[in-house]
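Structure, as structure tokens:
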Amino acid sequence: MNSDSDLQIAGDLLEVQHLLRPAREHPATVAEFAGLARSIADDRPRWAPLVQYDATTRWYHRLLSLPGYDVWLLSWIPGQGSGLHDHGPSSGVLTVLDGELTERTDRGKRTLGSGAQRVFAPGYAHEVVNDSLEPAVSLHIYYPGLTDMPMHASQRAEAAATI
């Protein structure tokens, strides 16, 4: 008996159907979208054969397009980056599947290794770059689906222009 609680459970709680919420067809919370990204990341045979690397531009592939959200697979060879941008009205989850990426914001930079996740709200501006010597792969989920990706002037470009 747990002395920290007066609650005692008798029998199998999972058999009490009226206490369980029905499974959702699609994610609806930040935690559920992050969980979806982790489950896709864990299913390497699903995404790894699709990955391609392009020396001239970042490669991307829409992995899923479901009601209300999209799932994208991106590859990054060393030196490739997104430029400073936001995602318009979309929230998102970025998950590094392979390699290492650097995220730069007005608050600094952060290294994201394999398995790292970043969750962001609409209007969040960042730049993602592969600063490493190895290719990288990332998964991006946008809710609602990505319809706009406004580019921003880089702080580095603005600083160089004022010198």
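Residues are referred to by chain and number: the chain letter is A, B, ... according to the order shown in the structure tokens, the number counts from 1 in that chain, and ligands are numbered separately from 1 in the order shown.
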
Within 9 Å of region 135-151 of chain A using only C-alpha atoms, minus same-chain residues under 3 positions, as a VMD selection string = chain A and resid 33 to 34 36 to 37 40 to 41 51 53 65 to 78 83 to 101 114 125 130 132 154

If you run DSSP on this backbone, which residues of region 29-156 of chain A come out as helix (DSSP H, G or I), and could you give them as JSON, numbers by chain?
-> {"A": [30, 31, 32, 33, 34, 35, 36, 37, 38, 39, 40, 41, 42, 44, 45, 46, 47, 48, 49, 50, 155, 156]}

Assign secondary structure with DSSP using the backbone only, and return the residues of region 45-155 of chain A in strand (DSSP E or B) as JSON, numbers by chain.
-> {"A": [59, 60, 61, 62, 63, 64, 65, 66, 69, 70, 71, 72, 73, 74, 75, 76, 81, 85, 91, 92, 93, 94, 95, 96, 97, 98, 100, 101, 102, 103, 104, 105, 108, 109, 110, 111, 112, 113, 117, 118, 119, 120, 126, 127, 128, 129, 136, 137, 138, 139, 140, 141, 142, 143, 151]}

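The residue that comes closest to Thr102 (chain A), out of A:Asp43, A:Gly79, A:Ala121, A:His26 and on the basis of only C-alpha atoms, is A:Gly79.
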
Between CA of Glu25 (chain A) and CA of Ser39 (chain A), what is the spacing in Å?
->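 Here the two named atoms are 15.1 Å from each other.
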
Just the residues within 8 Å of Thr105 (chain A), please, counting only C-alpha atoms, with nothing from its chain fewer than 3 positions along; format it as an NGL selection string.
-> :A and (108-109 or 125-127)

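The shortest atom-to-atom distance to Asp42 (chain A), with only C-alpha atoms taken into account, belongs to A:Gly115 out of A:Phe120, A:His152, A:Arg104, A:Gly115.
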